[in-house]
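Participant: Next up is a structure, given as structure tokens.
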Amino acid sequence: MLLSNLELVPGRRVLKHLGLVQGSTVRAKHVGKDIFAGLKNIVGGELKAYTELLQESREEATQRMVAQAKAAGANAILNVRYATSSITAGAAEIFAYGTAVVLE
Amino acid sequence: MAALLDFLDVILFAALFLLGLFAGRWNERRHYASIRRREKELAGVLVFSNRFPPQVTVRVPTHLVSGSAVISDDYFKNVVAGLSSFFGGRVRTYESLLDRARRESVLRMKAQARAHGAAMIVNVKFQTFAIGGRSQNSVKGVEVLAYGTAVGAVARA
């Protein structure tokens, strides 16, 4: 499965458009990470646990999108975009979407 | 003793404020030094916000690449930002926070592109997400995600 946020793939023709595919996940942080992050909040610096958490969520959302595209018979997803929104104070939704296509 | 207890709040605030000021500044300086060093290392990977690579007729490998970083603010920045939101104007302490997060995420994205052997990244998009938001007690930080399509080197005709 080829993923790209371009609308085309250089040198390859799109044979078929299969429409929008999407994947999302809602994740909450856990308390242990939050206590450490609270300390980091005093002295500054990167919150690695949060970076990883969001990255994992993004991978999961991407995988769900890919699964949907596979089910539709696509071999690529073009114009991929990400969105993040906070649901409550402790949880965020990560959303990935794109257009499933069949490339030659 | 009672008088000391009365001042405990003030002392605690001053201690956190100073700790935030010095540790935060030290952390920021160290981070900037690391950013500048890696920016030189990865200067070979070109980054464009153009939608398409300069040459699109040739078949080249492409990969979706991304980089992200969550940077926390510190106690000092938090207090200064609180004051700034009262008086208005520039919030310099948060400007550097966003700058660091953005440059860090671009560096991570570039490192991924280089791992794929790509020479450039096109159609780069940024997304900024405030962690903690407006609530008073939660952890505050900012996540920046940078993503784009890494394009393999195009052979010049």
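Labels used: A, B, ... for chains in the order of the structure tokens, numbers from 1 for residues in each chain, and numbers from 1 for ligands as shown.
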Do a neighbour search on Glu7 (chain A) at 12 Å with only C-alpha atoms, toss out local chain neighbours closer than 5 positions, and write the hits as a list in words.

Facilitator: Arg12, Arg13, Val14, His17, Ala76, Ile77, Leu78, Asn79, Val80, Arg81, Gly98, Thr99, Ala100 and Val101 of chain A; Asn50, Arg51, Phe52, Pro53, Val56, Val122, Asn123, Gly148 and Thr149 of chain B

Participant: Restrict the distance test to only C-alpha atoms, flag each residue of chain B within 6 Å of chain A, and return the flagged residues as a list in words.

Facilitator: Gly20, Ala23, Gly24, Asn27, Val56, Thr57, Val58, Arg59, Leu64, Ala69, Val70, Ile71, Ser72, Asp73, Asp74, Tyr75, Gly132, Val139 and Thr149 of chain B

Participant: Give the strand (DSSP E or B) residues of chain B, as DSSP finds them on the backbone, and put them as a PyMOL selection string.

Facilitator: chain B and resi 46-47+62-74+118-131+141-152

Participant: Once you have the residues from the selection above, write them out as a CSV table (one decimal), in the first residue's frame, restricted to N, CA and C atoms.

Facilitator:
```csv
chain,number,residue,atom,x,y,z
B,46,LEU,N,15.9,18.5,1.0
B,46,LEU,CA,15.2,19.8,0.7
B,46,LEU,C,13.7,19.6,1.1
B,47,VAL,N,13.2,20.7,1.6
B,47,VAL,CA,11.8,20.6,2.0
B,47,VAL,C,11.0,21.7,1.3
B,62,THR,N,8.0,7.3,-3.9
B,62,THR,CA,7.6,8.3,-2.9
B,62,THR,C,7.2,7.6,-1.6
B,63,HIS,N,7.3,8.3,-0.5
B,63,HIS,CA,6.9,7.8,0.8
B,63,HIS,C,6.3,8.9,1.6
B,64,LEU,N,5.2,8.5,2.3
B,64,LEU,CA,4.7,9.5,3.3
B,64,LEU,C,5.6,9.5,4.5
B,65,VAL,N,6.1,10.7,4.8
B,65,VAL,CA,7.0,10.8,6.0
B,65,VAL,C,6.4,11.8,7.0
B,66,SER,N,6.7,11.7,8.2
B,66,SER,CA,6.2,12.6,9.2
B,66,SER,C,7.1,12.7,10.4
B,67,GLY,N,7.0,13.8,11.1
B,67,GLY,CA,7.8,13.9,12.4
B,67,GLY,C,7.0,14.7,13.3
B,68,SER,N,7.1,14.4,14.6
B,68,SER,CA,6.3,15.2,15.6
B,68,SER,C,7.1,15.3,16.9
B,69,ALA,N,6.7,16.3,17.6
B,69,ALA,CA,7.4,16.5,18.9
B,69,ALA,C,6.4,17.2,19.8
B,70,VAL,N,6.4,16.8,21.1
B,70,VAL,CA,5.6,17.5,22.1
B,70,VAL,C,6.5,18.3,23.0
B,71,ILE,N,6.5,19.6,23.0
B,71,ILE,CA,7.4,20.4,23.9
B,71,ILE,C,6.6,21.0,25.0
B,72,SER,N,7.1,20.8,26.2
B,72,SER,CA,6.4,21.3,27.4
B,72,SER,C,6.8,22.7,27.7
B,73,ASP,N,6.0,23.5,28.3
B,73,ASP,CA,6.4,24.8,28.7
B,73,ASP,C,7.0,24.7,30.1
B,74,ASP,N,7.5,25.7,30.7
B,74,ASP,CA,8.0,25.6,32.1
B,74,ASP,C,7.3,26.6,32.9
B,118,ALA,N,15.6,9.5,0.3
B,118,ALA,CA,15.0,10.6,-0.5
B,118,ALA,C,15.8,11.9,-0.4
B,119,ALA,N,15.7,12.7,-1.5
B,119,ALA,CA,16.5,13.9,-1.5
B,119,ALA,C,15.6,15.1,-1.2
B,120,MET,N,14.3,15.0,-1.3
B,120,MET,CA,13.4,16.1,-0.9
B,120,MET,C,12.1,15.6,-0.4
B,121,ILE,N,11.4,16.6,0.2
B,121,ILE,CA,10.1,16.3,0.7
B,121,ILE,C,9.2,17.4,0.2
B,122,VAL,N,8.1,17.1,-0.5
B,122,VAL,CA,7.2,18.1,-1.0
B,122,VAL,C,5.8,18.0,-0.3
B,123,ASN,N,5.0,19.0,-0.6
B,123,ASN,CA,3.7,19.1,0.0
B,123,ASN,C,3.7,19.0,1.5
B,124,VAL,N,4.6,19.7,2.2
B,124,VAL,CA,4.7,19.7,3.6
B,124,VAL,C,3.6,20.4,4.3
B,125,LYS,N,3.0,19.8,5.2
B,125,LYS,CA,1.9,20.4,6.0
B,125,LYS,C,2.2,20.4,7.5
B,126,PHE,N,1.8,21.4,8.2
B,126,PHE,CA,2.0,21.5,9.6
B,126,PHE,C,0.7,21.4,10.3
B,127,GLN,N,0.7,20.8,11.5
B,127,GLN,CA,-0.5,20.8,12.3
B,127,GLN,C,0.0,21.0,13.8
B,128,THR,N,-0.7,21.9,14.4
B,128,THR,CA,-0.3,22.3,15.8
B,128,THR,C,-1.4,21.9,16.7
B,129,PHE,N,-1.1,21.3,17.8
B,129,PHE,CA,-2.1,20.8,18.8
B,129,PHE,C,-1.7,21.2,20.2
B,130,ALA,N,-2.6,21.9,20.9
B,130,ALA,CA,-2.2,22.3,22.3
B,130,ALA,C,-2.7,21.2,23.2
B,131,ILE,N,-1.8,20.7,24.0
B,131,ILE,CA,-2.1,19.7,25.0
B,131,ILE,C,-2.5,20.3,26.3
B,141,GLY,N,1.5,21.7,27.0
B,141,GLY,CA,2.5,21.5,26.0
B,141,GLY,C,2.0,21.7,24.7
B,142,VAL,N,2.8,21.7,23.7
B,142,VAL,CA,2.3,21.9,22.3
B,142,VAL,C,2.9,20.8,21.4
B,143,GLU,N,2.0,20.2,20.7
B,143,GLU,CA,2.5,19.2,19.7
B,143,GLU,C,2.5,19.8,18.3
B,144,VAL,N,3.6,19.6,17.6
B,144,VAL,CA,3.6,20.0,16.2
B,144,VAL,C,3.8,18.7,15.4
B,145,LEU,N,3.0,18.5,14.4
B,145,LEU,CA,3.2,17.4,13.5
B,145,LEU,C,3.5,18.0,12.1
B,146,ALA,N,4.6,17.5,11.5
B,146,ALA,CA,4.9,17.9,10.1
B,146,ALA,C,4.9,16.7,9.3
B,147,TYR,N,4.2,16.7,8.1
B,147,TYR,CA,4.2,15.6,7.2
B,147,TYR,C,4.2,16.0,5.8
B,148,GLY,N,4.7,15.1,5.0
B,148,GLY,CA,4.8,15.4,3.6
B,148,GLY,C,5.2,14.2,2.8
B,149,THR,N,5.4,14.3,1.5
B,149,THR,CA,5.8,13.2,0.7
B,149,THR,C,7.3,13.3,0.3
B,150,ALA,N,8.0,12.2,0.8
B,150,ALA,CA,9.4,12.2,0.4
B,150,ALA,C,9.6,11.6,-1.0
B,151,VAL,N,10.3,12.3,-1.8
B,151,VAL,CA,10.5,12.0,-3.2
B,151,VAL,C,11.9,11.6,-3.5
B,152,GLY,N,12.1,10.4,-4.1
B,152,GLY,CA,13.4,10.0,-4.4
B,152,GLY,C,14.1,10.9,-5.4
```

Participant: Check the smallest atom-to-atom distance from each of A:Val31, A:Glu104, A:Ser57, A:Glu93 to Asn75 (chain A) using only C-alpha atoms, then report the winner.

Facilitator: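 So, comparing all the options, the nearest one is A:Glu104.
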
Participant: Return as a ChimeraX atom specification the full set of residues in chain B whose backbone-based DSSP assignment is alpha helix (DSSP H).

Facilitator: /B:2-6,8-41,75-87,92-115

Participant: Just how far from CA of Glu41 (chain B) is CA of Ala111 (chain B), in Å to one decimal?

Facilitator: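 Computed distance, CA of Ala111 (chain B) to CA of Glu41 (chain B), equals 9.6 Å.
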
Participant: Please, what distance in Å, to one decimal, runs between CA of Thr25 (chain A) and CA of Ala61 (chain A)?

Facilitator: 5.6 Å

Participant: Applying 12 Å and only C-alpha atoms, which residues near Ser34 (chain B) remain after dropping the ones on its own chain fewer than 5 positions away? List them as a short mmCIF file (atom, residue, chain, number, x, y, z; two decimals) with N, CA and C atoms, in the first residue's frame.

Facilitator:
```
data_model
loop_
_atom_site.label_atom_id
_atom_site.label_comp_id
_atom_site.auth_asym_id
_atom_site.auth_seq_id
_atom_site.Cartn_x
_atom_site.Cartn_y
_atom_site.Cartn_z
N ASN B 27 17.36 24.16 29.51
CA ASN B 27 16.78 23.15 28.62
C ASN B 27 16.61 23.69 27.21
N GLU B 28 16.12 24.94 27.14
CA GLU B 28 15.86 25.54 25.84
C GLU B 28 17.15 25.76 25.07
N ARG B 29 18.18 26.23 25.79
CA ARG B 29 19.46 26.48 25.13
C ARG B 29 20.04 25.18 24.58
N GLU B 39 20.18 20.44 12.10
CA GLU B 39 19.73 21.14 10.88
C GLU B 39 20.85 21.19 9.86
N LYS B 40 22.10 21.34 10.35
CA LYS B 40 23.25 21.32 9.44
C LYS B 40 23.42 19.94 8.83
N GLU B 41 23.28 18.91 9.67
CA GLU B 41 23.44 17.53 9.20
C GLU B 41 22.44 17.19 8.11
N ARG B 100 10.65 25.77 18.57
CA ARG B 100 11.38 24.53 18.86
C ARG B 100 10.59 23.31 18.41
N ARG B 103 10.66 23.15 14.51
CA ARG B 103 11.95 22.77 13.93
C ARG B 103 12.28 21.32 14.25
N GLU B 104 11.95 20.89 15.47
CA GLU B 104 12.19 19.51 15.88
C GLU B 104 11.39 18.55 14.99
N LEU B 107 12.90 18.27 11.60
CA LEU B 107 14.12 17.46 11.63
C LEU B 107 13.80 15.97 11.64
#
```
